[in-house]
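The structure appears right after this line, and notes come after that.
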Amino acid sequence: MTALDPATLMGPLWTLLAYILLGWLAARRLSIDPRPIATLLIYLVAPLTFFRGLVLGGPTPGYLLLSLATFTTASLLAVVVHRLTRRTFAPQESALLAFSAGTGNTGYFGLPVAMVLLPPEGVTLYLFCVLGITLYEFTVGFYLSARGQFSVAESLAKILRLPLIYAFLAALVVSGLGLTVPAAAMEGLAVFPATYTLLGMMIIGMTLGRVSLSEVDGRFIGACVAVRCVVWPLLTLAAVLALQALAPLSPELAMAILLLGVVPMAANVVVVAMELGIAPAKGALTVLVTTLAAPLLIPLYLGLMMRLAGL
């Protein structure tokens with residue numbers, strides 16, 4: 001593995017901030033409505049990106065077990081946070097806080113860092129961990145978010161309409177049956193990951209372009225930051241130490257797990273909030289705060305966690 005260098009983080013950070021700035025300019029100068037873009041991401045760009053990643057990754061039982069573990073962890077954490085906060089926050093805020101608790105910017109921000117710090121086999125392990133969290137976002141996470149405004153039946157109906165679930169099943173069928181996706185189709189799908197990143201970060205800027213100072217909620221931001229910057233690092237460190245105690249754990253898998261705990265809040269918090277109409281401005285502000293703090297916190301957190309884990 002490559003030694004951690006804070007300068008490694010500056011490239012991804014400035015790129016993401018530039019995308020946010022473009023979104024802010026689009027909202028302020030061109031009056032672009034971000035809601036149709038959020039719908040496009042959820043119902044078209046995300047499923048195709050997910051399908052391509054699974055097919056290229058060649059899922060094995062071991063890899064899918066990683067995805068299942070991260071999906072279960074994210075779901076349990078979100079449910080716990082939802083139960084703890086639903087009496088102290090408004091329903092929409094509690095729902096958004098629960099959604100954000102189970103996820104992080106593991107793709108847009110975490111993947112470039114993983115590609116620098118990890119060898120190819122480590123990046124593959126990291127990607128399948130991320131797939132589990134992405135699946136959480138568009139199943140359990142989406143349901144908890146929808147419950148902030150809709151009934152149980154309406155929330156379940158919204159989940160069943162999400163194409164990402166069917167993209168996941170389709171990718172498993174393709175890989176399980178040994179089918180080959182035509183090269184031309186895979187080449188066409190190659191544009192979607194970059195599109196996903198660009199539009200996902202621009203939506204944050206578009207939302208911030210409509211935010212007033214009166215919408216700054218220190219209590220909500222503090223709760224989100226506490227889960228992302230305290231609970232997740234402790235959780236991933238505990239997972240690595242527990243796995244090391246039970247069986248030999250490769251340094252690549254240990255680092256992949258630790259990376260999940262130190263990334264900023266997920267841009268998809270804003271995407272889902274925008275689609276469901278649940279406090280997107282507060283979500284955008286919180287994502288921006290954690291993204292700006294990432295270059296300072298990630299080297300500090302990872303350095304300490306690697307020493308404690310003996311990496």
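Chain labels follow the order of the structure tokens: the first chain is A, the next B, and so on; residue numbering restarts at 1 in every chain, and ligands are counted from 1 in their shown order.
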
Would you write out, as a tab-separated table, a table of all residues in stretch 170-264 of chain A that have an atom no more than 8 Å from an atom of stretch 106-119 of chain A, listing for each the closest atom pair and the distance in Å to one decimal, considering only C-alpha atoms and ordering rows by chain and rising residue number?
residue	atom	partner	partner_atom	distance
A:Thr197	CA	A:Tyr108	CA	5.7
A:Glu252	CA	A:Leu118	CA	6.6
A:Met255	CA	A:Leu118	CA	7.9
A:Ala256	CA	A:Ala114	CA	7.3
A:Leu259	CA	A:Gly110	CA	7.0
A:Leu260	CA	A:Thr106	CA	6.3
A:Val263	CA	A:Gly110	CA	6.0
A:Pro264	CA	A:Phe109	CA	7.7

Resulting file, chosen residues, N, CA and C atoms, as a CSV table (one decimal), in the first residue's frame:
chain,number,residue,atom,x,y,z
A,197,THR,N,-21.0,11.4,-11.0
A,197,THR,CA,-20.2,12.2,-10.1
A,197,THR,C,-20.5,13.7,-10.4
A,252,GLU,N,-5.0,-5.0,2.7
A,252,GLU,CA,-5.8,-4.3,1.7
A,252,GLU,C,-7.3,-4.2,2.1
A,255,MET,N,-7.6,-1.7,5.1
A,255,MET,CA,-7.6,-0.3,4.6
A,255,MET,C,-8.8,0.1,3.9
A,256,ALA,N,-9.4,-0.9,3.1
A,256,ALA,CA,-10.7,-0.6,2.4
A,256,ALA,C,-11.8,-0.3,3.4
A,259,LEU,N,-11.2,3.1,5.1
A,259,LEU,CA,-11.6,4.2,4.2
A,259,LEU,C,-13.1,4.5,4.2
A,260,LEU,N,-13.9,3.5,4.4
A,260,LEU,CA,-15.3,3.7,4.5
A,260,LEU,C,-15.7,4.7,5.6
A,263,VAL,N,-14.6,9.0,4.9
A,263,VAL,CA,-15.0,9.9,3.8
A,263,VAL,C,-16.0,10.9,4.3
A,264,PRO,N,-16.2,12.0,3.5
A,264,PRO,CA,-17.3,13.0,3.9
A,264,PRO,C,-18.7,12.4,3.7

Exercise. Do a neighbour search on A:Leu144 at 9 Å with only C-alpha atoms, toss out local chain neighbours closer than 2 positions, and write the hits as a PyMOL selection string.
Key: chain A and resi 78-79+82+95-96+98-99+139-142+146-148+155

Residue selection dump (C-alpha atoms) as a PDB file, in the first residue's frame:
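New file again_0.pdb:
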ATOM      1  CA  ALA A  78     -29.599   4.180   9.878  1.00  0.00           C
ATOM      2  CA  VAL A  79     -32.444   2.447  11.733  1.00  0.00           C
ATOM      3  CA  HIS A  82     -33.783   7.135  13.106  1.00  0.00           C
ATOM      4  CA  ALA A  95     -35.528  10.930   8.091  1.00  0.00           C
ATOM      5  CA  LEU A  96     -32.703  12.789   6.350  1.00  0.00           C
ATOM      6  CA  ALA A  98     -31.117   8.586   9.354  1.00  0.00           C
ATOM      7  CA  PHE A  99     -30.407   8.318   5.620  1.00  0.00           C
ATOM      8  CA  THR A 139     -33.481   0.558  -0.607  1.00  0.00           C
ATOM      9  CA  VAL A 140     -33.491   0.911   3.185  1.00  0.00           C
ATOM     10  CA  GLY A 141     -32.133   4.459   3.090  1.00  0.00           C
ATOM     11  CA  PHE A 142     -34.661   5.585   0.511  1.00  0.00           C
ATOM     12  CA  ALA A 146     -39.612   8.588   2.323  1.00  0.00           C
ATOM     13  CA  ARG A 147     -41.126   7.814   5.731  1.00  0.00           C
ATOM     14  CA  GLY A 148     -40.349  11.395   6.705  1.00  0.00           C
ATOM     15  CA  SER A 155     -42.722   4.516   0.843  1.00  0.00           C
TER      16      SER A 155
END

Practice problem: Record the distance separating atom CA of A:Leu169 and atom CA of A:Thr124, expressed in Å with one decimal. | Solution: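 Interatomic distance here is 19.7 Å.
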
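If you count only C-alpha atoms and ignore residues fewer than 2 places along the chain from A:Ala27, what sits within 12 Å of it is A:Ile20, A:Leu21, A:Leu22, A:Gly23, A:Trp24, A:Leu25, A:Arg29, A:Leu30, A:Ser31, A:Ile32, A:Asp33, A:Pro34, A:Arg35, A:Met202, A:Ile203, A:Ile204, A:Gly205, A:Met206, A:Thr207, A:Leu208, A:Gly209, A:Arg210, A:Val211.
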
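Proximity of A:Gly104, A:Ala223, A:Leu44, A:Ala157 to A:Leu84, computed with only C-alpha atoms, is greatest for A:Ala223.
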
Quiz item: What is the atom CA of A:Leu243 to atom CA of A:Met305 distance in Å?
Solution: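 So the two atoms, atom CA of A:Leu243 and atom CA of A:Met305, lie 14.5 Å apart.
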
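With only C-alpha atoms as the basis for measurement, A:Leu258 is the residue among A:Leu258, A:Tyr196, A:Ile298, A:Ala293 that approaches A:Leu311 most closely.
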
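As for atom CA of A:Tyr136 and atom CA of A:Met306, they are spaced 26.7 Å apart.
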
Quiz prompt | Distance criterion (only C-alpha atoms): nearest to A:Pro12 out of A:Val289, A:Leu48, A:Met201, A:Val174 | solution =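 Closest residue, counting only C-alpha atoms: A:Met201.
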
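Nearest-residue note for A:Gly310: choosing from A:Leu241, A:Val270, A:Leu297, A:Leu135, the minimum distance belongs to A:Leu241, counting only C-alpha atoms.
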
Quiz item: Which one of A:Val240, A:Ala281, A:Val227, A:Leu76 sits closest to A:Leu253 if you count only C-alpha atoms?
Solution: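 When distances to A:Leu253 are compared using only C-alpha atoms, the smallest one comes from A:Val240.
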